[in-house]
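In what follows, a single structure is set out as structure tokens and then discussed.
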Amino acid sequence: MDVQVNYNLKETLEWCDVANVLRIQLERQNQYFSSLREYNIAYGISRKLLDSLHKEIVIMHPGPSTEGGTDSDVADSKQSIILQQ
């Protein structure tokens with residue numbers, strides 16, 4: 001399989017047209033991150049991050065949206081199709 005893995009969120013978002021943002025299960029977050037804040041810093045989708053991209057992308061999320069993944073101003077933005085999914 002020709003699969004590429006990239007752990008740099010900004011580089012990945014620059015490449016894509018649509019991001020389907022999945023949440024981390026709160027009961028498992030301590031296995032991978034010391035806190036939701038750490039997770040959000042590394043992988044959270046914020047308005048600041050989206051504004052830093054060289055293009056506008058569409059944001060999807062299967063729900064339920066929990067804190068630490070997608071900021072509410074992103075989920076409620078014109079780039080989001082979360083409610084239409």
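Numbering starts fresh at 1 for the residues of each chain in the structure tokens, the chains themselves are lettered A, B, ... in the order given, and ligands are numbered from 1 as they appear.
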
* Quick one: residues within 10 Å of Gly44 (chain A), only C-alpha atoms counted, chain neighbours fewer than 6 positions away excluded, as a count of residues only? -> 11

* Residues within 10 Å of Trp15 (chain A), only C-alpha atoms, excluding chain neighbours under 5 positions, as a list in words -> Leu9, Lys10, Leu53, His54, Lys55 and Ile57 of chain A

Emit the selected residues as an mmCIF file, in the first residue's frame, including all heavy atoms.
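In the end it all went to selection-v1.cif:
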data_model
loop_
_atom_site.group_PDB
_atom_site.id
_atom_site.type_symbol
_atom_site.label_atom_id
_atom_site.label_comp_id
_atom_site.auth_asym_id
_atom_site.auth_seq_id
_atom_site.Cartn_x
_atom_site.Cartn_y
_atom_site.Cartn_z
ATOM 1 N N LEU A 9 0.630 18.356 11.808
ATOM 2 C CA LEU A 9 -0.761 18.666 11.468
ATOM 3 C C LEU A 9 -0.858 19.767 10.416
ATOM 4 O O LEU A 9 -1.622 19.650 9.459
ATOM 5 C CB LEU A 9 -1.531 19.055 12.735
ATOM 6 C CG LEU A 9 -3.000 19.392 12.544
ATOM 7 C CD1 LEU A 9 -3.769 18.217 11.960
ATOM 8 C CD2 LEU A 9 -3.614 19.835 13.870
ATOM 9 N N LYS A 10 -0.088 20.830 10.555
ATOM 10 C CA LYS A 10 -0.174 21.933 9.601
ATOM 11 C C LYS A 10 0.217 21.475 8.191
ATOM 12 O O LYS A 10 -0.464 21.802 7.214
ATOM 13 C CB LYS A 10 0.700 23.107 10.033
ATOM 14 C CG LYS A 10 0.523 24.330 9.155
ATOM 15 C CD LYS A 10 1.266 25.518 9.712
ATOM 16 C CE LYS A 10 0.903 26.792 9.046
ATOM 17 N NZ LYS A 10 1.402 27.085 7.780
ATOM 18 N N LEU A 53 -3.203 28.530 7.042
ATOM 19 C CA LEU A 53 -3.060 27.705 5.839
ATOM 20 C C LEU A 53 -3.110 28.570 4.582
ATOM 21 O O LEU A 53 -3.685 29.655 4.591
ATOM 22 C CB LEU A 53 -4.168 26.651 5.782
ATOM 23 C CG LEU A 53 -4.249 25.693 6.960
ATOM 24 C CD1 LEU A 53 -5.438 24.753 6.800
ATOM 25 C CD2 LEU A 53 -2.955 24.925 7.135
ATOM 26 N N HIS A 54 -2.566 28.064 3.509
ATOM 27 C CA HIS A 54 -2.542 28.800 2.253
ATOM 28 C C HIS A 54 -3.807 28.604 1.421
ATOM 29 O O HIS A 54 -3.903 29.112 0.306
ATOM 30 C CB HIS A 54 -1.311 28.398 1.434
ATOM 31 C CG HIS A 54 -0.048 28.857 2.072
ATOM 32 N ND1 HIS A 54 0.719 28.032 2.859
ATOM 33 C CD2 HIS A 54 0.564 30.057 2.082
ATOM 34 C CE1 HIS A 54 1.769 28.695 3.297
ATOM 35 N NE2 HIS A 54 1.691 29.929 2.850
ATOM 36 N N LYS A 55 -4.745 27.854 1.951
ATOM 37 C CA LYS A 55 -6.014 27.651 1.258
ATOM 38 C C LYS A 55 -7.088 27.366 2.306
ATOM 39 O O LYS A 55 -6.793 27.089 3.466
ATOM 40 C CB LYS A 55 -5.925 26.497 0.269
ATOM 41 C CG LYS A 55 -5.663 25.146 0.927
ATOM 42 C CD LYS A 55 -5.597 24.049 -0.114
ATOM 43 C CE LYS A 55 -5.309 22.714 0.520
ATOM 44 N NZ LYS A 55 -5.289 21.646 -0.460
ATOM 45 N N ILE A 57 -9.940 24.960 3.709
ATOM 46 C CA ILE A 57 -10.328 23.550 3.656
ATOM 47 C C ILE A 57 -11.672 23.359 4.338
ATOM 48 O O ILE A 57 -12.116 24.214 5.101
ATOM 49 C CB ILE A 57 -9.266 22.633 4.298
ATOM 50 C CG1 ILE A 57 -9.131 22.914 5.792
ATOM 51 C CG2 ILE A 57 -7.927 22.784 3.585
ATOM 52 C CD1 ILE A 57 -8.267 21.898 6.525
#

* Asked: CA of Ala19 (chain A) to CA of Met60 (chain A): how many Å, to one decimal?
  ->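 If I compute the distance from CA of Ala19 (chain A) to CA of Met60 (chain A), I get 6.0 Å.
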
* Asked: So which residues of region 2-70 of chain A fall under strand (DSSP E or B) by DSSP, listed as a ChimeraX atom specification?
  -> /A:18-20,45,58-60,70

Residues from last step as file, C-alpha atoms, as an mmCIF file, in the first residue's frame:
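Output below, filename again_23.cif:
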data_model
loop_
_atom_site.group_PDB
_atom_site.id
_atom_site.type_symbol
_atom_site.label_atom_id
_atom_site.label_comp_id
_atom_site.auth_asym_id
_atom_site.auth_seq_id
_atom_site.Cartn_x
_atom_site.Cartn_y
_atom_site.Cartn_z
ATOM 1 C CA VAL A 18 -11.184 18.161 3.519
ATOM 2 C CA ALA A 19 -10.260 17.176 7.071
ATOM 3 C CA ASN A 20 -12.444 14.660 8.894
ATOM 4 C CA ILE A 45 -8.091 22.328 14.931
ATOM 5 C CA VAL A 58 -13.597 21.890 4.666
ATOM 6 C CA ILE A 59 -13.896 20.559 8.223
ATOM 7 C CA MET A 60 -15.914 17.427 8.979
ATOM 8 C CA THR A 70 -12.099 21.021 17.208
#

* Please identify which residues in chain A DSSP calls helix (DSSP H, G or I) from the backbone, and express them as a PyMOL selection string. => chain A and resi 9-15+26-32+36-43+47-52+72-75

* Quick one, how far is CA of Gln85 (chain A) from CA of Phe33 (chain A)? -> 28.9 Å

* Grab the CA of Ser72 (chain A) to CA of Leu49 (chain A) distance for me, in Å with one decimal place. =>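 Here the two named atoms are 13.4 Å from each other.
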